[in-house]
$ cat coords.cif   # mmCIF, C-alpha atoms and all ligand atoms; chains and numbers go by the auth columns
data_run
#
loop_
_atom_site.group_PDB
_atom_site.id
_atom_site.type_symbol
_atom_site.label_atom_id
_atom_site.label_comp_id
_atom_site.label_asym_id
_atom_site.label_seq_id
_atom_site.Cartn_x
_atom_site.Cartn_y
_atom_site.Cartn_z
_atom_site.B_iso_or_equiv
_atom_site.auth_seq_id
_atom_site.auth_asym_id
ATOM 1 C CA MET A 1 104.123 56.488 127.200 0.00 1 A
ATOM 2 C CA ARG A 2 105.541 59.964 126.885 0.00 2 A
ATOM 3 C CA ILE A 3 105.386 61.134 123.296 0.00 3 A
ATOM 4 C CA ALA A 4 106.323 64.372 121.550 0.00 4 A
ATOM 5 C CA TRP A 5 104.270 65.212 118.450 0.00 5 A
ATOM 6 C CA ALA A 6 105.633 67.904 116.168 0.00 6 A
ATOM 7 C CA PHE A 7 103.635 69.757 113.522 0.00 7 A
ATOM 8 C CA THR A 8 105.244 71.591 110.620 0.00 8 A
ATOM 9 C CA GLY A 9 103.510 73.937 108.193 0.00 9 A
ATOM 10 C CA ALA A 10 102.136 71.382 105.725 0.00 10 A
ATOM 11 C CA GLY A 11 98.471 71.427 104.780 0.00 11 A
ATOM 12 C CA HIS A 12 98.780 67.970 103.242 0.00 12 A
ATOM 13 C CA LEU A 13 97.700 65.234 105.691 0.00 13 A
ATOM 14 C CA LEU A 14 97.242 67.876 108.379 0.00 14 A
ATOM 15 C CA LEU A 15 93.647 66.989 109.296 0.00 15 A
ATOM 16 C CA GLU A 16 94.539 63.294 109.314 0.00 16 A
ATOM 17 C CA SER A 17 97.481 64.049 111.636 0.00 17 A
ATOM 18 C CA VAL A 18 95.292 66.031 114.040 0.00 18 A
ATOM 19 C CA GLU A 19 92.760 63.181 114.132 0.00 19 A
ATOM 20 C CA GLU A 20 95.439 60.633 115.061 0.00 20 A
ATOM 21 C CA LEU A 21 96.962 62.972 117.643 0.00 21 A
ATOM 22 C CA GLU A 22 93.550 63.324 119.301 0.00 22 A
ATOM 23 C CA LYS A 23 93.319 59.544 119.681 0.00 23 A
ATOM 24 C CA LEU A 24 96.887 59.292 120.936 0.00 24 A
ATOM 25 C CA ALA A 25 96.419 62.046 123.532 0.00 25 A
ATOM 26 C CA ARG A 26 93.551 60.105 125.102 0.00 26 A
ATOM 27 C CA GLU A 27 95.910 57.276 126.040 0.00 27 A
ATOM 28 C CA HIS A 28 99.333 58.870 126.441 0.00 28 A
ATOM 29 C CA LYS A 29 101.062 62.007 127.656 0.00 29 A
ATOM 30 C CA VAL A 30 101.729 64.003 124.514 0.00 30 A
ATOM 31 C CA THR A 31 103.748 67.199 124.270 0.00 31 A
ATOM 32 C CA ILE A 32 102.704 69.029 121.115 0.00 32 A
ATOM 33 C CA MET A 33 105.323 71.092 119.282 0.00 33 A
ATOM 34 C CA VAL A 34 104.200 73.554 116.637 0.00 34 A
ATOM 35 C CA SER A 35 106.500 75.281 114.152 0.00 35 A
ATOM 36 C CA ARG A 36 105.782 78.924 113.312 0.00 36 A
ATOM 37 C CA ALA A 37 104.455 77.886 109.927 0.00 37 A
ATOM 38 C CA ALA A 38 102.400 75.094 111.479 0.00 38 A
ATOM 39 C CA GLU A 39 100.721 77.559 113.806 0.00 39 A
ATOM 40 C CA GLU A 40 99.634 79.657 110.814 0.00 40 A
ATOM 41 C CA VAL A 41 98.596 76.711 108.682 0.00 41 A
ATOM 42 C CA LEU A 42 96.671 74.984 111.499 0.00 42 A
ATOM 43 C CA ARG A 43 94.663 78.192 111.906 0.00 43 A
ATOM 44 C CA MET A 44 93.982 78.487 108.156 0.00 44 A
ATOM 45 C CA TYR A 45 92.486 74.998 108.126 0.00 45 A
ATOM 46 C CA GLY A 46 90.442 75.701 111.269 0.00 46 A
ATOM 47 C CA LEU A 47 92.421 73.144 113.274 0.00 47 A
ATOM 48 C CA PHE A 48 94.409 75.220 115.747 0.00 48 A
ATOM 49 C CA GLU A 49 91.727 75.273 118.460 0.00 49 A
ATOM 50 C CA ARG A 50 91.289 71.494 118.176 0.00 50 A
ATOM 51 C CA VAL A 51 94.985 71.027 118.859 0.00 51 A
ATOM 52 C CA LYS A 52 94.963 73.597 121.657 0.00 52 A
ATOM 53 C CA LYS A 53 92.226 71.641 123.446 0.00 53 A
ATOM 54 C CA LEU A 54 94.679 68.772 123.939 0.00 54 A
ATOM 55 C CA GLU A 55 96.962 70.903 126.089 0.00 55 A
ATOM 56 C CA GLY A 56 96.822 70.042 129.787 0.00 56 A
ATOM 57 C CA GLY A 57 99.715 69.995 132.236 0.00 57 A
ATOM 58 C CA TYR A 58 103.215 68.655 132.609 0.00 58 A
ATOM 59 C CA TYR A 59 104.366 66.778 129.491 0.00 59 A
ATOM 60 C CA ARG A 60 101.031 67.636 127.879 0.00 60 A
ATOM 61 C CA GLU A 61 102.070 71.140 126.878 0.00 61 A
ATOM 62 C CA LEU A 62 101.375 72.915 123.609 0.00 62 A
ATOM 63 C CA VAL A 63 104.772 74.346 122.669 0.00 63 A
ATOM 64 C CA LEU A 64 104.792 77.107 120.081 0.00 64 A
ATOM 65 C CA GLU A 65 108.015 77.743 118.210 0.00 65 A
ATOM 66 C CA ARG A 66 107.511 81.477 118.518 0.00 66 A
ATOM 67 C CA ASP A 67 107.751 81.158 122.345 0.00 67 A
ATOM 68 C CA GLU A 68 110.926 79.085 122.256 0.00 68 A
ATOM 69 C CA GLY A 69 113.512 81.712 121.358 0.00 69 A
ATOM 70 C CA PHE A 70 116.407 80.701 119.140 0.00 70 A
ATOM 71 C CA SER A 71 117.617 77.795 121.250 0.00 71 A
ATOM 72 C CA PHE A 72 114.433 75.773 121.843 0.00 72 A
ATOM 73 C CA PRO A 73 114.989 74.774 125.497 0.00 73 A
ATOM 74 C CA ILE A 74 112.052 72.332 125.397 0.00 74 A
ATOM 75 C CA THR A 75 114.053 70.012 123.124 0.00 75 A
ATOM 76 C CA GLY A 76 116.478 69.419 126.010 0.00 76 A
ATOM 77 C CA ARG A 77 113.929 66.865 127.209 0.00 77 A
ATOM 78 C CA LEU A 78 114.585 64.876 124.042 0.00 78 A
ATOM 79 C CA SER A 79 118.355 64.967 124.412 0.00 79 A
ATOM 80 C CA LEU A 80 117.884 63.731 127.982 0.00 80 A
ATOM 81 C CA GLY A 81 115.825 60.837 126.672 0.00 81 A
ATOM 82 C CA ARG A 82 112.693 61.870 128.554 0.00 82 A
ATOM 83 C CA TYR A 83 110.353 60.744 125.777 0.00 83 A
ATOM 84 C CA ASP A 84 109.650 57.284 124.400 0.00 84 A
ATOM 85 C CA LEU A 85 108.915 58.575 120.938 0.00 85 A
ATOM 86 C CA LEU A 86 108.977 61.672 118.725 0.00 86 A
ATOM 87 C CA ILE A 87 106.484 61.860 115.859 0.00 87 A
ATOM 88 C CA VAL A 88 106.768 64.548 113.168 0.00 88 A
ATOM 89 C CA SER A 89 103.522 64.565 111.195 0.00 89 A
ATOM 90 C CA PRO A 90 103.124 66.129 108.747 0.00 90 A
ATOM 91 C CA ALA A 91 106.704 67.095 107.832 0.00 91 A
ATOM 92 C CA THR A 92 107.167 69.787 105.174 0.00 92 A
ATOM 93 C CA ALA A 93 109.709 69.545 102.371 0.00 93 A
ATOM 94 C CA ASN A 94 111.524 72.371 104.161 0.00 94 A
ATOM 95 C CA THR A 95 111.843 70.515 107.455 0.00 95 A
ATOM 96 C CA VAL A 96 112.839 67.245 105.752 0.00 96 A
ATOM 97 C CA ALA A 97 115.536 69.031 103.714 0.00 97 A
ATOM 98 C CA LYS A 98 116.966 70.574 106.876 0.00 98 A
ATOM 99 C CA ILE A 99 116.929 67.291 108.776 0.00 99 A
ATOM 100 C CA VAL A 100 118.777 65.359 106.080 0.00 100 A
ATOM 101 C CA HIS A 101 121.422 68.071 105.967 0.00 101 A
ATOM 102 C CA GLY A 102 121.880 68.054 109.729 0.00 102 A
ATOM 103 C CA ILE A 103 120.371 71.506 110.197 0.00 103 A
ATOM 104 C CA ALA A 104 118.672 72.077 113.543 0.00 104 A
ATOM 105 C CA ASP A 105 117.705 75.743 113.568 0.00 105 A
ATOM 106 C CA THR A 106 113.940 75.418 114.002 0.00 106 A
ATOM 107 C CA LEU A 107 111.878 73.908 116.806 0.00 107 A
ATOM 108 C CA VAL A 108 111.052 70.775 114.841 0.00 108 A
ATOM 109 C CA THR A 109 114.439 70.164 113.201 0.00 109 A
ATOM 110 C CA ASN A 110 116.060 70.750 116.577 0.00 110 A
ATOM 111 C CA ALA A 111 113.661 68.294 118.213 0.00 111 A
ATOM 112 C CA VAL A 112 114.697 65.645 115.669 0.00 112 A
ATOM 113 C CA ALA A 113 118.405 66.358 116.242 0.00 113 A
ATOM 114 C CA GLN A 114 118.060 66.210 120.018 0.00 114 A
ATOM 115 C CA ALA A 115 115.975 63.033 119.796 0.00 115 A
ATOM 116 C CA GLY A 116 118.868 61.445 117.901 0.00 116 A
ATOM 117 C CA LYS A 117 121.293 62.495 120.632 0.00 117 A
ATOM 118 C CA GLY A 118 119.002 61.235 123.383 0.00 118 A
ATOM 119 C CA LYS A 119 118.245 57.983 121.532 0.00 119 A
ATOM 120 C CA VAL A 120 114.547 58.769 121.305 0.00 120 A
ATOM 121 C CA ARG A 121 112.957 56.892 118.428 0.00 121 A
ATOM 122 C CA THR A 122 111.641 59.243 115.752 0.00 122 A
ATOM 123 C CA ILE A 123 108.828 58.649 113.265 0.00 123 A
ATOM 124 C CA ILE A 124 108.469 61.109 110.400 0.00 124 A
ATOM 125 C CA LEU A 125 105.673 61.510 107.881 0.00 125 A
ATOM 126 C CA PRO A 126 107.135 63.502 104.968 0.00 126 A
ATOM 127 C CA VAL A 127 104.461 64.931 102.692 0.00 127 A
ATOM 128 C CA ASP A 128 106.646 64.734 99.604 0.00 128 A
ATOM 129 C CA LEU A 129 106.912 60.980 99.372 0.00 129 A
ATOM 130 C CA GLU A 130 107.037 59.809 95.799 0.00 130 A
ATOM 131 C CA GLU A 131 107.589 61.232 92.316 0.00 131 A
ATOM 132 C CA GLY A 132 104.440 62.251 90.486 0.00 132 A
ATOM 133 C CA GLU A 133 101.293 64.174 91.286 0.00 133 A
ATOM 134 C CA VAL A 134 99.639 64.466 94.673 0.00 134 A
ATOM 135 C CA GLU A 135 96.149 65.719 95.469 0.00 135 A
ATOM 136 C CA THR A 136 95.883 67.999 98.448 0.00 136 A
ATOM 137 C CA VAL A 137 93.306 70.197 100.163 0.00 137 A
ATOM 138 C CA ILE A 138 93.670 73.972 100.225 0.00 138 A
ATOM 139 C CA PRO A 139 92.188 76.377 102.810 0.00 139 A
ATOM 140 C CA SER A 140 89.358 78.860 102.129 0.00 140 A
ATOM 141 C CA LYS A 141 89.642 80.629 98.787 0.00 141 A
ATOM 142 C CA LEU A 142 87.706 83.449 97.152 0.00 142 A
ATOM 143 C CA GLU A 143 86.848 82.324 93.611 0.00 143 A
ATOM 144 C CA LEU A 144 87.068 85.540 91.620 0.00 144 A
ATOM 145 C CA SER A 145 85.322 84.025 88.603 0.00 145 A
ATOM 146 C CA ILE A 146 82.215 83.442 90.773 0.00 146 A
ATOM 147 C CA CYS A 147 82.392 86.558 92.994 0.00 147 A
ATOM 148 C CA ARG A 148 79.748 89.138 91.934 0.00 148 A
ATOM 149 C CA ARG A 149 81.425 91.982 93.830 0.00 149 A
ATOM 150 C CA CYS A 150 78.252 92.810 95.774 0.00 150 A
ATOM 151 C CA GLU A 151 77.920 96.297 97.195 0.00 151 A
ATOM 152 C CA THR A 152 77.934 94.750 100.654 0.00 152 A
ATOM 153 C CA CYS A 153 79.961 91.568 100.826 0.00 153 A
ATOM 154 C CA ASN A 154 78.212 89.127 103.208 0.00 154 A
ATOM 155 C CA ALA A 155 81.315 86.997 103.459 0.00 155 A
ATOM 156 C CA ALA A 156 83.482 89.919 104.543 0.00 156 A
ATOM 157 C CA ALA A 157 80.814 91.067 107.023 0.00 157 A
ATOM 158 C CA ALA A 158 80.603 87.594 108.578 0.00 158 A
ATOM 159 C CA CYS A 159 84.362 87.198 108.966 0.00 159 A
ATOM 160 C CA PRO A 160 85.371 87.541 112.649 0.00 160 A
ATOM 161 C CA GLN A 161 88.961 88.180 111.624 0.00 161 A
ATOM 162 C CA ASP A 162 88.379 90.891 109.047 0.00 162 A
ATOM 163 C CA ALA A 163 90.356 88.659 106.698 0.00 163 A
ATOM 164 C CA ILE A 164 88.410 89.244 103.491 0.00 164 A
ATOM 165 C CA ILE A 165 89.135 92.025 101.027 0.00 165 A
ATOM 166 C CA PRO A 166 85.839 91.984 99.077 0.00 166 A
ATOM 167 C CA GLY A 167 86.265 91.112 95.429 0.00 167 A
ATOM 168 C CA VAL A 168 89.998 90.651 95.905 0.00 168 A
ATOM 169 C CA GLU A 169 91.119 87.845 98.259 0.00 169 A
ATOM 170 C CA ILE A 170 91.099 86.158 101.641 0.00 170 A
ATOM 171 C CA GLN A 171 94.148 87.159 103.665 0.00 171 A
ATOM 172 C CA LEU A 172 95.137 83.712 104.875 0.00 172 A
ATOM 173 C CA LEU A 173 97.381 84.909 107.677 0.00 173 A
ATOM 174 C CA LYS A 174 94.299 86.368 109.338 0.00 174 A
ATOM 175 C CA CYS A 175 91.985 83.455 108.477 0.00 175 A
ATOM 176 C CA ILE A 176 91.067 80.980 111.227 0.00 176 A
ATOM 177 C CA GLY A 177 89.207 78.591 108.929 0.00 177 A
ATOM 178 C CA CYS A 178 85.827 79.079 110.667 0.00 178 A
ATOM 179 C CA GLY A 179 83.963 78.724 107.363 0.00 179 A
ATOM 180 C CA ASN A 180 81.487 81.591 108.027 0.00 180 A
ATOM 181 C CA CYS A 181 82.319 83.139 104.648 0.00 181 A
ATOM 182 C CA GLN A 182 81.487 79.919 102.804 0.00 182 A
ATOM 183 C CA ARG A 183 78.123 79.684 104.522 0.00 183 A
ATOM 184 C CA VAL A 184 76.918 83.239 103.909 0.00 184 A
ATOM 185 C CA CYS A 185 78.034 84.066 100.361 0.00 185 A
ATOM 186 C CA PRO A 186 74.811 83.727 98.311 0.00 186 A
ATOM 187 C CA TYR A 187 76.777 82.863 95.164 0.00 187 A
ATOM 188 C CA GLY A 188 79.089 80.250 96.710 0.00 188 A
ATOM 189 C CA ALA A 189 82.124 82.308 95.764 0.00 189 A
ATOM 190 C CA VAL A 190 84.171 81.086 98.719 0.00 190 A
ATOM 191 C CA SER A 191 85.432 77.558 98.449 0.00 191 A
ATOM 192 C CA GLY A 192 86.731 75.582 101.405 0.00 192 A
ATOM 193 C CA GLY A 193 88.653 72.362 101.219 0.00 193 A
ATOM 194 C CA SER A 194 89.061 72.396 97.424 0.00 194 A
ATOM 195 C CA ILE A 195 91.388 69.753 96.050 0.00 195 A
ATOM 196 C CA ILE A 196 94.384 70.767 93.961 0.00 196 A
ATOM 197 C CA THR A 197 97.018 68.643 92.276 0.00 197 A
ATOM 198 C CA LEU A 198 100.670 69.305 93.018 0.00 198 A
ATOM 199 C CA HIS A 199 103.731 68.007 91.255 0.00 199 A
ATOM 200 C CA MET A 200 106.333 66.522 93.603 0.00 200 A
ATOM 201 C CA ARG A 201 109.834 67.895 92.998 0.00 201 A
ATOM 202 C CA SER A 202 112.572 65.305 92.667 0.00 202 A
ATOM 203 C CA VAL A 203 114.803 67.167 95.141 0.00 203 A
ATOM 204 C CA ASP A 204 112.126 66.786 97.830 0.00 204 A
ATOM 205 C CA VAL A 205 111.488 63.125 97.045 0.00 205 A
ATOM 206 C CA GLU A 206 115.238 62.487 97.151 0.00 206 A
ATOM 207 C CA ASN A 207 115.451 64.145 100.576 0.00 207 A
ATOM 208 C CA THR A 208 112.661 61.882 101.808 0.00 208 A
ATOM 209 C CA ARG A 209 114.694 58.860 100.653 0.00 209 A
ATOM 210 C CA ARG A 210 117.724 60.144 102.533 0.00 210 A
ATOM 211 C CA LEU A 211 115.619 60.520 105.649 0.00 211 A
ATOM 212 C CA GLU A 212 115.161 56.757 105.781 0.00 212 A
ATOM 213 C CA SER A 213 118.890 56.235 106.248 0.00 213 A
ATOM 214 C CA ILE A 214 119.173 58.437 109.341 0.00 214 A
ATOM 215 C CA GLU A 215 119.827 56.435 112.480 0.00 215 A
ATOM 216 C CA GLY A 216 116.797 56.159 114.739 0.00 216 A
ATOM 217 C CA VAL A 217 114.391 57.563 112.140 0.00 217 A
ATOM 218 C CA GLN A 218 111.449 55.660 110.662 0.00 218 A
ATOM 219 C CA VAL A 219 109.454 57.045 107.751 0.00 219 A
ATOM 220 C CA ILE A 220 105.715 56.489 107.458 0.00 220 A
ATOM 221 C CA LYS A 221 103.325 57.228 104.580 0.00 221 A
ATOM 222 C CA GLU A 222 100.145 58.141 106.424 0.00 222 A
ATOM 223 C CA PRO A 223 99.575 59.420 109.949 0.00 223 A
ATOM 224 C CA LYS A 224 97.774 56.349 111.294 0.00 224 A
ATOM 225 C CA GLU A 225 100.771 54.121 110.449 0.00 225 A
ATOM 226 C CA PHE A 226 102.610 55.271 113.556 0.00 226 A
ATOM 227 C CA TRP A 227 100.356 53.022 115.681 0.00 227 A
ATOM 228 C CA ASP A 228 102.195 50.005 114.211 0.00 228 A
ATOM 229 C CA HIS A 229 105.438 51.350 115.670 0.00 229 A
ATOM 230 C CA LEU A 230 104.246 52.127 119.206 0.00 230 A
HETATM 231 C C1 LIG B . 98.071 76.743 103.234 0.00 301 A
HETATM 232 C C2 LIG B . 99.488 76.264 103.172 0.00 301 A
HETATM 233 C C3 LIG B . 99.740 74.915 102.993 0.00 301 A
HETATM 234 C C4 LIG B . 101.070 74.465 102.883 0.00 301 A
HETATM 235 N N1 LIG B . 101.264 73.135 102.666 0.00 301 A
HETATM 236 C C5 LIG B . 102.514 72.672 102.512 0.00 301 A
HETATM 237 C C6 LIG B . 102.722 71.274 102.259 0.00 301 A
HETATM 238 O O1 LIG B . 101.772 70.476 102.152 0.00 301 A
HETATM 239 N N2 LIG B . 103.996 70.847 102.129 0.00 301 A
HETATM 240 C C7 LIG B . 105.077 71.681 102.264 0.00 301 A
HETATM 241 O O2 LIG B . 106.212 71.213 102.154 0.00 301 A
HETATM 242 N N3 LIG B . 104.901 73.012 102.526 0.00 301 A
HETATM 243 C C8 LIG B . 103.658 73.522 102.648 0.00 301 A
HETATM 244 N N4 LIG B . 103.456 74.858 102.918 0.00 301 A
HETATM 245 C C9 LIG B . 104.641 75.740 103.018 0.00 301 A
HETATM 246 C C10 LIG B . 105.300 75.686 104.396 0.00 301 A
HETATM 247 O O3 LIG B . 104.401 76.126 105.411 0.00 301 A
HETATM 248 C C11 LIG B . 106.587 76.564 104.399 0.00 301 A
HETATM 249 O O4 LIG B . 107.563 75.961 103.566 0.00 301 A
HETATM 250 C C12 LIG B . 107.189 76.778 105.776 0.00 301 A
HETATM 251 O O5 LIG B . 108.327 77.600 105.679 0.00 301 A
HETATM 252 C C13 LIG B . 107.579 75.475 106.441 0.00 301 A
HETATM 253 O O6 LIG B . 108.172 75.739 107.702 0.00 301 A
HETATM 254 P P1 LIG B . 108.404 74.532 108.738 0.00 301 A
HETATM 255 O O7 LIG B . 109.008 73.403 107.958 0.00 301 A
HETATM 256 O O8 LIG B . 109.355 75.094 109.747 0.00 301 A
HETATM 257 O O9 LIG B . 107.089 74.207 109.361 0.00 301 A
HETATM 258 C C14 LIG B . 102.146 75.344 103.012 0.00 301 A
HETATM 259 C C15 LIG B . 101.888 76.717 103.223 0.00 301 A
HETATM 260 C C16 LIG B . 100.569 77.162 103.287 0.00 301 A
HETATM 261 C C17 LIG B . 100.303 78.624 103.487 0.00 301 A
#
$ encode --input "coords.cif" --output "structure tokens" --more "lines below"
Ligand SMILES: Cc1cc2nc3c(=O)[nH]c(=O)nc-3n(C[C@H](O)[C@H](O)[C@H](O)COP(=O)(O)O)c2cc1C
Amino acid sequence: MRIAWAFTGAGHLLLESVEELEKLAREHKVTIMVSRAAEEVLRMYGLFERVKKLEGGYYRELVLERDEGFSFPITGRLSLGRYDLLIVSPATANTVAKIVHGIADTLVTNAVAQAGKGKVRTIILPVDLEEGEVETVIPSKLELSICRRCETCNAAAACPQDAIIPGVEIQLLKCIGCGNCQRVCPYGAVSGGSIITLHMRSVDVENTRRLESIEGVQVIKEPKEFWDHL
């Protein structure tokens, strides 16, 4: 099968999505589409290189939104029906809101719109699924209550990206999630993969509900569920 897999900038269920994509890419031709935010967030969680490794030839491209101008020519393949399936996993609240309002001004929202026009089945995993609280993993974080503000900060010295301002913060846009900082800080002041609880907004949950009524779109709750729809 020819499949397009689109990432948006959600940290929630991101690792799980990458793991399923890796399995899928072993068996099928997968074009990977990455929103600008997804590119940043994949790096922060140390997952960008894993995704990049899956790139390899025609219909197995890694397509970055930042290389696709304002008109996203790659999505023409979807409007021409050249794919069997489009999977958007994970889908941010932002992308879901745009899709349900018919907006198509980003790589991923445009891919969904063109898939509809080309009758390509679309499976979406929205991260804001149900009312209530959701636990999610955050990228590396400098815990200021633990940081001893050492004269020489080992974590900052070990960072290949120069992303750490000692005693202040980790600049996430520079971070590539390598974890060096976590390993070398003698006081364990850098956390990685901490769990936080987020409250789901009703506007986002409502948008997810509306997604289910869009023609050709199926909503799933966890990344591995898409296998049932192949
Ligand atoms: C570390 C990190 C994690 C994020 N996780 C989420 C998330 O789980 N869900 C969400 O809706 N937005 C999340 N965001 C915010 C989105 O990246 C942001 O709304 C972005 O504009 C989405 O753009 P896109 O929908 O085009 O990918 C996260 C941002 C960062 C920096």
$ resolve_selection --input "coords.cif" --expression "the PyMOL selection byres (((not hetatm)) within 9 of (chain A and resi 301))" --output "VMD selection string"
chain A and resid 7 to 14 34 to 42 44 to 45 65 90 to 98 106 to 109 126 to 128 136 to 139 172 to 173 204
$ resolve_selection --input "coords.cif" --expression "the PyMOL selection byres (((chain A and resi 186) around 10) and not hetatm)" --output "ChimeraX atom specification"
/A:147-148,153-155,181-185,187-190
$ resolve_selection --input "coords.cif" --expression "the PyMOL selection byres (((chain A and resi 71-81) around 10) and not hetatm)" --output "number ranges by chain"
A: 3-4, 31, 33, 59, 63-70, 82-86, 104-121
$ closest_residue --input "coords.cif" --among "A:Leu24, A:Val100, A:Ile165, A:Cys150" --to "A:Trp227" --atoms "only C-alpha atoms"
A:Leu24
$ closest_residue --input "coords.cif" --among "A:Gly132, A:Cys159, A:Lys141, A:Ile220" --to "A:Met200" --atoms "all atoms listed in the file"
A:Gly132
$ closest_residue --input "coords.cif" --among "A:Ile170, A:Ile196, A:Val203, A:Val88" --to "A:Glu131" --atoms "all atoms listed in the file"
A:Val203
$ axis_aligned_box --input "coords.cif" --around "stretch 18-35 of chain A" --padding-each-side "6 Å" --output "AutoDock Vina command-line options"
--center_x 99.6 --center_y 66.3 --center_z 120.8 --size_x 25.7 --size_y 30.0 --size_z 25.6
$ residues_around --input "coords.cif" --residues "A:Glu27" --least-positions-apart "2" --cutoff "12 Å" --atoms "only C-alpha atoms" --output "VMD selection string"
chain A and resid 1 to 3 20 to 25 29 to 30 54 60 230
$ closest_residue --input "coords.cif" --among "A:Arg210, A:His229, A:Lys224, A:Lys174" --to "A:Gly46" --atoms "only C-alpha atoms"
A:Lys174
$ atom_distance --input "coords.cif" --atom1 "atom CA of A:Ala163" --atom2 "atom CA of A:Leu142"
11.2 Å
$ closest_residue --input "coords.cif" --among "A:Ile146, A:Val18, A:Ile32, A:Ile99" --to "A:Arg209" --atoms "all atoms listed in the file"
A:Ile99
$ build_atoms --input "coords.cif" --residues "stretch 34-45 of chain A" --atoms "N, CA, C and O atoms" --output "mmCIF file, keeping the file's coordinate frame"
data_model
loop_
_atom_site.group_PDB
_atom_site.id
_atom_site.type_symbol
_atom_site.label_atom_id
_atom_site.label_comp_id
_atom_site.auth_asym_id
_atom_site.auth_seq_id
_atom_site.Cartn_x
_atom_site.Cartn_y
_atom_site.Cartn_z
ATOM 1 N N VAL A 34 104.813 72.940 117.819
ATOM 2 C CA VAL A 34 104.200 73.554 116.637
ATOM 3 C C VAL A 34 105.164 74.577 116.035
ATOM 4 O O VAL A 34 105.504 75.576 116.679
ATOM 5 N N SER A 35 105.599 74.318 114.807
ATOM 6 C CA SER A 35 106.500 75.281 114.152
ATOM 7 C C SER A 35 105.730 76.574 113.876
ATOM 8 O O SER A 35 104.491 76.587 113.881
ATOM 9 N N ARG A 36 106.462 77.648 113.611
ATOM 10 C CA ARG A 36 105.782 78.924 113.312
ATOM 11 C C ARG A 36 104.822 78.755 112.148
ATOM 12 O O ARG A 36 103.693 79.232 112.170
ATOM 13 N N ALA A 37 105.313 78.083 111.106
ATOM 14 C CA ALA A 37 104.455 77.886 109.927
ATOM 15 C C ALA A 37 103.272 77.001 110.277
ATOM 16 O O ALA A 37 102.152 77.226 109.809
ATOM 17 N N ALA A 38 103.508 75.994 111.103
ATOM 18 C CA ALA A 38 102.400 75.094 111.479
ATOM 19 C C ALA A 38 101.316 75.853 112.223
ATOM 20 O O ALA A 38 100.126 75.602 112.027
ATOM 21 N N GLU A 39 101.717 76.785 113.061
ATOM 22 C CA GLU A 39 100.721 77.559 113.806
ATOM 23 C C GLU A 39 99.813 78.302 112.815
ATOM 24 O O GLU A 39 98.583 78.292 112.947
ATOM 25 N N GLU A 40 100.428 78.918 111.809
ATOM 26 C CA GLU A 40 99.634 79.657 110.814
ATOM 27 C C GLU A 40 98.736 78.703 110.016
ATOM 28 O O GLU A 40 97.546 78.961 109.829
ATOM 29 N N VAL A 41 99.333 77.611 109.570
ATOM 30 C CA VAL A 41 98.596 76.711 108.682
ATOM 31 C C VAL A 41 97.468 75.982 109.446
ATOM 32 O O VAL A 41 96.363 75.810 108.932
ATOM 33 N N LEU A 42 97.743 75.602 110.685
ATOM 34 C CA LEU A 42 96.671 74.984 111.499
ATOM 35 C C LEU A 42 95.480 75.925 111.616
ATOM 36 O O LEU A 42 94.325 75.526 111.512
ATOM 37 N N ARG A 43 95.765 77.213 111.812
ATOM 38 C CA ARG A 43 94.663 78.192 111.906
ATOM 39 C C ARG A 43 93.897 78.262 110.587
ATOM 40 O O ARG A 43 92.672 78.263 110.573
ATOM 41 N N MET A 44 94.637 78.360 109.475
ATOM 42 C CA MET A 44 93.982 78.487 108.156
ATOM 43 C C MET A 44 93.005 77.349 107.884
ATOM 44 O O MET A 44 91.991 77.525 107.229
ATOM 45 N N TYR A 45 93.353 76.159 108.368
ATOM 46 C CA TYR A 45 92.486 74.998 108.126
ATOM 47 C C TYR A 45 91.475 74.807 109.255
ATOM 48 O O TYR A 45 90.792 73.778 109.322
#
